[in-house]
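Okay, query-v8.tsv now, which holds TSV, C-alpha atoms:
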chain	number	residue	atom	x	y	z
F	1	MET	CA	0.00	0.00	0.00
F	2	ARG	CA	1.39	3.45	-0.96
F	3	PRO	CA	1.89	5.88	1.97
F	4	ASN	CA	-1.01	8.12	0.86
F	5	ALA	CA	-3.27	5.32	-0.39
F	6	ARG	CA	-6.70	4.99	1.17
F	7	ARG	CA	-6.99	2.12	3.63
F	8	THR	CA	-9.24	-0.77	2.67
F	9	THR	CA	-12.48	-0.73	4.64
F	10	LEU	CA	-14.99	-3.40	5.60
F	11	ALA	CA	-17.34	-1.86	3.07
F	12	ASP	CA	-14.77	-2.39	0.29
F	13	ILE	CA	-14.40	-6.06	1.21
F	14	ALA	CA	-18.17	-6.53	1.54
F	15	GLN	CA	-18.76	-5.03	-1.92
F	16	ALA	CA	-16.07	-7.20	-3.53
F	17	ALA	CA	-17.43	-10.36	-1.86
F	18	GLY	CA	-21.07	-9.54	-2.52
F	19	VAL	CA	-22.00	-9.83	1.15
F	20	SER	CA	-23.04	-7.46	3.92
F	21	ILE	CA	-20.62	-5.43	6.04
F	22	ALA	CA	-21.95	-7.36	9.07
F	23	THR	CA	-20.86	-10.66	7.50
F	24	VAL	CA	-17.33	-9.34	6.85
F	25	SER	CA	-17.19	-8.07	10.43
F	26	LYS	CA	-18.09	-11.54	11.70
F	27	VAL	CA	-15.22	-13.07	9.70
F	28	VAL	CA	-12.76	-10.44	10.95
F	29	ASN	CA	-13.80	-11.06	14.57
F	30	GLY	CA	-13.69	-14.85	14.31
F	31	ARG	CA	-17.43	-15.40	14.68
F	32	GLY	CA	-18.65	-18.89	13.80
F	33	ASP	CA	-22.03	-18.08	12.22
F	34	VAL	CA	-20.72	-17.63	8.65
F	35	ALA	CA	-21.02	-20.23	5.87
F	36	PRO	CA	-17.63	-21.90	5.16
F	37	HIS	CA	-17.50	-20.89	1.48
F	38	THR	CA	-18.42	-17.29	2.36
F	39	ARG	CA	-15.77	-17.19	5.10
F	40	THR	CA	-13.13	-18.49	2.67
F	41	ARG	CA	-14.05	-15.91	0.03
F	42	VAL	CA	-13.95	-13.04	2.55
F	43	GLN	CA	-10.62	-14.19	4.00
F	44	GLU	CA	-9.10	-14.35	0.52
F	45	LEU	CA	-10.17	-10.77	-0.15
F	46	LEU	CA	-8.84	-9.64	3.24
F	47	HIS	CA	-5.46	-11.12	2.30
F	48	GLN	CA	-5.49	-9.63	-1.19
F	49	HIS	CA	-6.29	-6.15	0.10
F	50	HIS	CA	-3.86	-6.39	3.06
F	51	TYR	CA	-6.67	-5.57	5.46
F	52	LEU	CA	-5.66	-5.14	9.10
F	53	ALA	CA	-8.19	-5.28	11.88
F	54	PRO	CA	-8.77	-1.84	13.46
F	55	VAL	CA	-7.17	-3.02	16.69
F	56	PHE	CA	-3.77	-2.69	14.98
F	57	ARG	CA	-4.45	0.81	13.71
F	58	HIS	CA	-3.99	2.51	17.06
F	59	THR	CA	-1.75	2.24	20.06
F	60	GLU	CA	-4.30	2.67	22.82
F	61	PRO	CA	-4.31	-0.29	25.22
F	62	ALA	CA	-7.14	-2.76	24.74
F	63	GLU	CA	-9.24	-3.49	27.80
F	64	ASN	CA	-9.35	-7.26	27.18
F	65	PRO	CA	-6.63	-8.10	24.64
F	66	THR	CA	-6.48	-11.59	23.16
F	67	ILE	CA	-3.09	-13.32	22.96
F	68	GLU	CA	-2.45	-16.38	20.78
F	69	VAL	CA	-0.26	-19.03	22.46
F	70	GLN	CA	1.21	-21.59	20.08
F	71	PHE	CA	3.13	-24.74	20.93
F	72	LYS	CA	4.58	-27.54	18.86
F	73	GLY	CA	4.43	-31.28	19.57
F	74	GLY	CA	2.64	-32.98	22.43
F	75	LEU	CA	1.34	-31.38	25.61
F	76	LYS	CA	4.32	-32.52	27.70
F	77	PRO	CA	4.92	-31.51	31.34
F	78	TYR	CA	7.26	-28.67	30.27
F	79	VAL	CA	4.62	-27.17	27.97
F	80	ALA	CA	1.76	-27.76	30.43
F	81	GLU	CA	3.52	-25.99	33.31
F	82	THR	CA	4.52	-23.07	31.09
F	83	LEU	CA	0.92	-22.73	29.87
F	84	GLU	CA	-0.29	-22.67	33.49
F	85	GLY	CA	1.93	-19.65	34.11
F	86	ILE	CA	0.59	-17.89	31.01
F	87	ILE	CA	-3.04	-18.61	31.91
F	88	ASP	CA	-2.62	-17.52	35.55
F	89	SER	CA	-1.00	-14.25	34.47
F	90	ALA	CA	-3.73	-13.66	31.89
F	91	ALA	CA	-6.43	-14.14	34.53
F	92	THR	CA	-4.72	-11.54	36.73
F	93	SER	CA	-4.32	-9.00	33.92
F	94	GLY	CA	-7.76	-9.49	32.36
F	95	ALA	CA	-6.35	-10.75	29.07
F	96	THR	CA	-7.78	-13.60	27.03
F	97	VAL	CA	-5.54	-16.48	25.93
F	98	VAL	CA	-6.22	-18.73	22.94
F	99	ILE	CA	-4.06	-21.87	22.81
F	100	SER	CA	-3.27	-23.62	19.54
F	101	LYS	CA	-0.73	-25.89	17.91
F	102	ALA	CA	1.69	-24.14	15.57
F	103	THR	CA	0.83	-25.04	11.97
F	104	HIS	CA	1.90	-21.91	10.05
F	105	ALA	CA	-0.56	-22.49	7.21
F	106	PRO	CA	-0.59	-19.90	4.39
F	107	HIS	CA	-1.54	-16.42	5.67
F	108	TRP	CA	-1.66	-17.75	9.24
F	109	ALA	CA	-0.49	-14.47	10.79
F	110	ARG	CA	-3.07	-12.41	8.90
F	111	ASP	CA	-5.75	-14.90	9.96
F	112	LEU	CA	-4.74	-14.29	13.56
F	113	VAL	CA	-5.05	-10.54	13.06
F	114	SER	CA	-8.46	-11.03	11.43
F	115	ALA	CA	-9.52	-13.04	14.48
F	116	GLY	CA	-8.53	-10.14	16.76
F	117	ARG	CA	-5.27	-11.44	18.21
F	118	ARG	CA	-2.92	-8.79	19.59
F	119	ALA	CA	0.30	-10.79	20.00
F	120	VAL	CA	1.74	-14.31	19.74
F	121	ILE	CA	3.57	-16.32	22.41
F	122	ALA	CA	5.49	-19.32	21.09
F	123	VAL	CA	6.34	-22.30	23.32
F	124	THR	CA	8.86	-24.82	21.90
F	125	SER	CA	8.16	-23.61	18.36
F	126	VAL	CA	10.62	-22.69	15.62
F	127	TYR	CA	10.03	-19.54	13.55
F	128	THR	CA	11.83	-19.03	10.25
F	129	ALA	CA	12.65	-15.69	8.64
F	130	ALA	CA	9.55	-16.12	6.46
F	131	HIS	CA	7.37	-16.57	9.55
F	132	LEU	CA	8.89	-13.48	11.18
F	133	ASN	CA	8.36	-11.45	8.01
F	134	GLU	CA	4.71	-12.43	7.91
F	135	LEU	CA	4.26	-11.50	11.57
F	136	ALA	CA	5.94	-8.13	10.93
F	137	ARG	CA	3.71	-7.41	7.92
F	138	SER	CA	0.67	-8.27	10.04
F	139	GLY	CA	1.78	-6.11	12.95
F	140	LEU	CA	1.80	-8.99	15.43
F	141	PRO	CA	4.54	-8.91	18.11
F	142	LEU	CA	6.10	-12.28	19.00
F	143	VAL	CA	7.45	-13.52	22.33
F	144	VAL	CA	9.34	-16.84	22.32
F	145	LEU	CA	9.67	-18.97	25.45
F	146	ASP	CA	13.03	-20.75	25.94
F	147	PRO	CA	14.11	-20.11	22.31
F	148	LEU	CA	15.70	-23.02	20.46
F	149	HIS	CA	17.64	-20.68	18.16
F	150	LEU	CA	19.33	-17.33	18.62
F	151	PRO	CA	16.45	-14.86	18.54
F	152	ASP	CA	16.05	-12.46	15.62
F	153	SER	CA	16.27	-8.79	16.63
F	154	ARG	CA	12.53	-8.56	15.94
F	155	VAL	CA	11.76	-11.26	18.52
F	156	HIS	CA	11.40	-10.87	22.26
F	157	SER	CA	12.13	-13.95	24.35
F	158	VAL	CA	12.01	-15.31	27.89
F	159	GLY	CA	14.34	-18.01	29.18
F	160	ALA	CA	16.34	-19.10	32.20
F	161	THR	CA	19.99	-19.06	33.26
F	162	ASN	CA	20.85	-22.24	31.38
F	163	PHE	CA	24.64	-21.90	31.64
F	164	THR	CA	24.40	-21.51	35.40
F	165	GLY	CA	21.99	-24.43	35.56
F	166	GLY	CA	24.42	-26.70	33.71
F	167	LEU	CA	27.28	-25.50	35.88
F	168	THR	CA	25.36	-26.10	39.12
F	169	ALA	CA	24.17	-29.58	38.11
F	170	THR	CA	27.69	-30.71	37.23
F	171	GLN	CA	29.23	-29.12	40.33
F	172	HIS	CA	26.76	-31.11	42.43
F	173	LEU	CA	27.91	-34.37	40.86
F	174	LEU	CA	31.57	-33.38	41.22
F	175	SER	CA	31.01	-32.53	44.90
F	176	LEU	CA	29.75	-36.09	45.44
F	177	GLY	CA	33.05	-37.43	44.09
F	178	HIS	CA	32.09	-38.23	40.49
F	179	ARG	CA	34.66	-37.57	37.78
F	180	ARG	CA	33.29	-39.69	34.93
F	181	ILE	CA	30.25	-37.52	34.14
F	182	ALA	CA	28.46	-37.57	30.78
F	183	TYR	CA	26.04	-35.09	29.24
F	184	LEU	CA	22.92	-36.24	27.38
F	185	GLY	CA	21.35	-33.23	25.73
F	186	GLY	CA	18.81	-31.97	23.26
F	187	PRO	CA	19.39	-30.67	19.70
F	188	SER	CA	23.02	-29.66	19.27
F	189	MET	CA	22.12	-26.27	17.76
F	190	ALA	CA	19.48	-25.36	20.34
F	191	VAL	CA	20.61	-22.30	22.29
F	192	CYS	CA	19.33	-23.64	25.62
F	193	ASN	CA	21.09	-26.97	25.06
F	194	GLN	CA	24.38	-25.28	24.16
F	195	ALA	CA	24.25	-23.14	27.30
F	196	ARG	CA	23.63	-26.17	29.55
F	197	MET	CA	26.41	-28.13	27.85
F	198	HIS	CA	28.87	-25.22	28.20
F	199	GLY	CA	28.00	-24.96	31.89
F	200	TYR	CA	28.72	-28.69	32.22
F	201	ARG	CA	32.06	-28.35	30.41
F	202	ALA	CA	33.06	-25.31	32.48
F	203	ALA	CA	32.47	-27.21	35.73
F	204	MET	CA	34.39	-30.24	34.49
F	205	GLU	CA	37.32	-28.12	33.30
F	206	ALA	CA	37.49	-26.23	36.59
F	207	GLN	CA	37.93	-29.56	38.40
F	208	GLY	CA	40.39	-30.96	35.87
F	209	ALA	CA	37.94	-33.75	34.99
F	210	GLN	CA	38.30	-35.22	31.51
F	211	VAL	CA	35.42	-35.06	29.01
F	212	PRO	CA	35.84	-37.74	26.32
F	213	ASP	CA	34.05	-36.89	23.09
F	214	ALA	CA	31.75	-39.89	23.54
F	215	TYR	CA	30.58	-38.50	26.90
F	216	VAL	CA	28.67	-35.64	25.18
F	217	ARG	CA	25.68	-36.87	23.18
F	218	PRO	CA	23.09	-34.53	21.61
F	219	GLY	CA	19.63	-35.73	20.68
F	220	GLU	CA	16.10	-34.51	21.29
F	221	PHE	CA	14.46	-33.49	24.54
F	222	THR	CA	12.73	-36.87	24.76
F	223	TYR	CA	12.62	-40.03	26.84
F	224	GLU	CA	13.95	-41.98	23.83
F	225	THR	CA	17.10	-39.84	23.72
F	226	GLY	CA	17.80	-40.73	27.35
F	227	LEU	CA	17.11	-44.41	26.80
F	228	ILE	CA	19.24	-44.76	23.66
F	229	GLY	CA	21.99	-42.39	24.78
F	230	ALA	CA	22.43	-43.90	28.22
F	231	THR	CA	22.42	-47.42	26.78
F	232	ALA	CA	25.35	-46.44	24.55
F	233	LEU	CA	27.20	-44.69	27.40
F	234	LEU	CA	26.78	-47.59	29.82
F	235	GLY	CA	28.06	-50.00	27.17
F	236	MET	CA	31.42	-48.21	26.95
F	237	GLN	CA	34.60	-49.80	28.24
F	238	GLU	CA	34.83	-46.99	30.78
F	239	PRO	CA	31.22	-45.92	31.35
F	240	PRO	CA	30.26	-42.79	33.28
F	241	THR	CA	29.28	-43.02	36.91
F	242	ALA	CA	26.94	-40.06	36.53
F	243	ILE	CA	24.82	-38.48	33.78
F	244	PHE	CA	23.64	-34.90	33.55
F	245	ALA	CA	20.56	-34.86	31.31
F	246	GLY	CA	19.32	-31.87	29.30
F	247	ASN	CA	15.79	-32.27	30.65
F	248	ASP	CA	13.73	-34.47	32.96
F	249	GLU	CA	12.45	-36.71	30.15
F	250	ILE	CA	16.00	-37.56	29.07
F	251	ALA	CA	16.91	-38.23	32.70
F	252	VAL	CA	14.03	-40.68	33.18
F	253	GLY	CA	15.07	-42.47	29.98
F	254	ALA	CA	18.62	-42.75	31.34
F	255	ILE	CA	17.35	-44.26	34.61
F	256	GLU	CA	15.39	-46.87	32.66
F	257	ALA	CA	18.46	-47.70	30.54
F	258	ALA	CA	20.43	-48.30	33.74
F	259	ARG	CA	17.66	-50.47	35.19
F	260	ALA	CA	17.58	-52.58	32.01
F	261	ARG	CA	21.29	-53.30	32.49
F	262	GLY	CA	20.77	-54.34	36.11
F	263	LEU	CA	22.19	-51.07	37.48
F	264	ARG	CA	20.64	-49.15	40.34
F	265	THR	CA	20.08	-45.40	40.58
F	266	PRO	CA	21.81	-43.82	42.43
F	267	GLU	CA	23.96	-46.65	43.82
F	268	ASP	CA	25.50	-47.53	40.43
F	269	LEU	CA	24.60	-44.45	38.37
F	270	SER	CA	23.71	-40.93	39.49
F	271	VAL	CA	21.38	-38.92	37.25
F	272	VAL	CA	20.53	-35.21	37.25
F	273	GLY	CA	17.70	-33.81	35.13
F	274	TYR	CA	16.63	-30.33	34.08
F	275	ASP	CA	13.34	-28.36	34.32
F	276	ASP	CA	11.86	-29.80	37.56
F	277	THR	CA	8.57	-30.70	35.93
F	278	SER	CA	6.02	-32.94	37.68
F	279	LEU	CA	7.86	-35.87	36.08
F	280	ALA	CA	10.84	-35.26	38.37
F	281	GLU	CA	8.85	-35.96	41.54
F	282	MET	CA	7.07	-38.97	40.03
F	283	ALA	CA	10.30	-40.61	38.80
F	284	SER	CA	11.69	-43.65	40.60
F	285	PRO	CA	13.79	-42.60	42.40
F	286	PRO	CA	12.63	-38.97	42.61
F	287	LEU	CA	14.90	-36.94	40.39
F	288	THR	CA	17.61	-34.50	41.38
F	289	THR	CA	17.14	-31.74	38.82
F	290	VAL	CA	17.70	-28.11	37.92
F	291	ARG	CA	14.51	-26.14	38.43
F	292	GLN	CA	13.51	-23.84	35.61
F	293	PRO	CA	10.82	-21.44	36.89
F	294	LEU	CA	8.44	-22.51	34.12
F	295	ARG	CA	5.28	-20.89	35.49
F	296	GLU	CA	7.15	-17.65	36.18
F	297	MET	CA	8.59	-17.76	32.66
F	298	GLY	CA	5.09	-18.13	31.24
F	299	GLY	CA	3.89	-15.17	33.30
F	300	ALA	CA	6.81	-13.02	32.14
F	301	ALA	CA	6.07	-13.93	28.50
F	302	LEU	CA	2.41	-12.95	28.88
F	303	ARG	CA	3.25	-9.60	30.50
F	304	THR	CA	5.81	-8.86	27.77
F	305	ALA	CA	3.31	-9.74	25.04
F	306	LEU	CA	0.70	-7.41	26.57
F	307	ARG	CA	3.15	-4.51	26.72
F	308	LEU	CA	4.13	-5.03	23.08
F	309	ALA	CA	0.50	-5.36	22.02
F	310	ASN	CA	-0.25	-2.02	23.65
F	311	GLY	CA	2.61	-0.32	21.84
F	312	GLU	CA	4.83	0.02	24.92
F	313	LYS	CA	8.61	-0.07	24.73
F	314	VAL	CA	10.24	-3.14	26.27
F	315	GLU	CA	13.75	-2.43	27.50
F	316	SER	CA	15.28	-5.88	26.92
F	317	HIS	CA	14.72	-8.27	24.02
F	318	HIS	CA	15.57	-11.24	26.26
F	319	ILE	CA	14.65	-11.93	29.88
F	320	GLU	CA	16.42	-14.63	31.93
F	321	LEU	CA	15.04	-15.98	35.20
F	322	ALA	CA	17.21	-17.78	37.75
F	323	THR	CA	17.54	-21.57	37.93
F	324	GLU	CA	17.94	-23.61	41.12
F	325	LEU	CA	19.27	-27.08	41.91
F	326	VAL	CA	16.71	-29.36	43.60
F	327	VAL	CA	18.38	-32.36	45.26
F	328	ARG	CA	16.33	-35.54	45.56
F	329	ALA	CA	17.18	-39.24	45.55
F	330	SER	CA	18.75	-39.89	42.11
F	331	THR	CA	22.28	-38.78	43.04
F	332	ALA	CA	24.82	-40.20	45.48
F	333	PRO	CA	28.60	-40.66	45.78
F	334	PRO	CA	30.06	-43.12	43.23
F	335	HIS	CA	29.95	-46.78	44.18

Structure re-expressed in structure tokens:
Amino acid sequence: MRPNARRTTLADIAQAAGVSIATVSKVVNGRGDVAPHTRTRVQELLHQHHYLAPVFRHTEPAENPTIEVQFKGGLKPYVAETLEGIIDSAATSGATVVISKATHAPHWARDLVSAGRRAVIAVTSVYTAAHLNELARSGLPLVVLDPLHLPDSRVHSVGATNFTGGLTATQHLLSLGHRRIAYLGGPSMAVCNQARMHGYRAAMEAQGAQVPDAYVRPGEFTYETGLIGATALLGMQEPPTAIFAGNDEIAVGAIEAARARGLRTPEDLSVVGYDDTSLAEMASPPLTTVRQPLREMGGAALRTALRLANGEKVESHHIELATELVVRASTAPPH
């Protein structure tokens, strides 16, 4: 649209679609009482004419803004606890939260604008440059929780002190007398995984403990990564006596791998997890882990999204909350 060009109105869209202004308004506001073929036609015209809902044409705060929260994959304990923090914060602030799985279908950002969304919070989702460009064109601010990749300058993010968490977890195992400590992590290029691994390496180096290449194994933040990775580590000629896992799911997989080999946790193998989700307390034995303040992170993401939606300036593009070691029954001195 040229700088002096007249903005497209609901009346323009209604005339082009051959429907009433009220029908177009229902589509823009996400109402359900519109025939599917009519809705599709109106949405196509909204895209073609680059129509933005009026909510994005001013900077006055909305009384009850609606924030879209997207997550990828299953509703795992990490995601569930983060969502609880977002929902609790929304209830306090009077905002509305709509939760969906990230699909990024064509024109997805403009569809969100048409439905009245004011900002997007992403949990464990990956956004490409194309996604960010579409969000920028649509005027939707984005806040990413625990980003997997280095955030773009257009993205605000909330995370935790992952380097310190990795350092603290490894120092705990070293203080118990372990020297053969392995790291089972998530994706090698994930920013959070790299920070935890560097914290682990820093603690090992400070104590003069060796880190064989085979002791550091990336994977996914899944139970299967812990099961497969720990099986390989415990089959080595000189296996580790302790494993620091990149999250609680990996840690539980490692404990099961040890059990399958007839090893006991923590008598034969100490294991430390990360996140302190509900899974950590339910594990057998209960899991020593690094607590990420997941609910607090969710609340911080919601508050940041609301400020951006209302046109306020946010001082920092990235917020980090403190981690804390929680000692339970899965760690002990080496046998």

TODO: Tell me which protein, DNA and RNA residues are within 7 Å of Gly159 (chain F), counting all atoms listed in the file, leaving out same-chain ones fewer than 3 positions away, and put them as number ranges by chain.
DONE: F: 145-146, 297, 319-321

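In this model, the gap between CA of Ser330 (chain F) and CA of Glu267 (chain F) comes to 8.7 Å.
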
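Considering all atoms listed in the file, the residue among F:Gly18, F:Gly262, F:Gly253, F:Gly185 positioned nearest to Ile228 (chain F) is F:Gly253.
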
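Computed from the coordinates, the CA of Ala280 (chain F) to CA of Phe244 (chain F) distance equals 13.7 Å.
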
TODO: Anything within 12 Å of (28.1, -28.2, 37.4): list those residues as JSON, numbers by chain, counting all atoms listed in the file and sticking to the file's coordinates.
DONE: {"F": [162, 163, 164, 165, 166, 167, 168, 169, 170, 171, 172, 173, 174, 175, 176, 178, 179, 181, 182, 183, 195, 196, 197, 198, 199, 200, 201, 202, 203, 204, 205, 206, 207, 209, 242, 243, 244, 245, 272, 289, 290, 324, 325]}

- [ ] For Ala260 (chain F), please output as a VMD selection string all residues within 10 Å (counting all atoms listed in the file; exclusion window: fewer than 6 positions along the same chain).
- [x] chain F and resid 227 231 254

- [ ] Check the smallest atom-to-atom distance from each of F:Glu68, F:Glu220, F:Glu296, F:Glu84 to Val98 (chain F) using all atoms listed in the file, then report the winner.
- [x] F:Glu68

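Remark: for Asn310 (chain F), the closest of the candidate residues F:Thr66, F:Ser157, F:Ser278, F:Thr124 is F:Thr66 (distances computed over only C-alpha atoms).
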
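The closest residue to Pro141 (chain F), picked from F:Gln70, F:Ser316, F:Thr304, F:Thr92 and counting only C-alpha atoms, is F:Thr304.
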
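Closest approach to Ile99 (chain F) among F:Phe71, F:Gly85, F:Pro65, F:Asp213 is made by F:Phe71 (distances from only C-alpha atoms).
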
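Coordinates place CA of Val120 (chain F) at a distance of 17.2 Å from CA of Gly73 (chain F).
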
Task: Protein/DNA/RNA residues near (2.2, -5.5, 23.3), cut 9 Å, only C-alpha atoms, as JSON, numbers by chain - done: {"F": [61, 118, 119, 140, 141, 142, 303, 304, 305, 306, 307, 308, 309, 310, 311, 312, 313, 314]}

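Comparing the minimum interatomic distances between Gly246 (chain F) and each of F:Thr277, F:Ser93, F:Asn193, F:Gln210, counting all atoms listed in the file, we find that F:Asn193 sits nearest.
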
Taking all atoms of region 225-229 of chain F that the file lists, what box with edges along x, y and z, padded by 6 Å per side, do you get, with centre and edge lengths in Å to one decimal, as lines of an AutoDock Vina configuration file?
center_x = 19.5
center_y = -42.3
center_z = 25.5
size_x = 16.9
size_y = 16.9
size_z = 15.7

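Every protein, DNA or RNA residue with an atom at most 12 Å from Ala257 (chain F), where only C-alpha atoms count and chain neighbours fewer than 4 positions away do not, is listed here: Tyr223, Glu224, Thr225, Gly226, Leu227, Ile228, Gly229, Ala230, Thr231, Ala232, Leu233, Leu234, Gly235, Ile243, Ile250, Ala251, Val252, Gly253, Arg261, Gly262, Leu263, Arg264, Thr265, Leu269 and Val271 of chain F.
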
Open item on the list: Which residues are close to region 188-192 of chain F, i.e. within 6 Å by all atoms listed in the file, leaving aside same-chain residues fewer than 3 positions away? Reply as a PyMOL selection string.
Closed with: chain F and resi 148-149+195+218
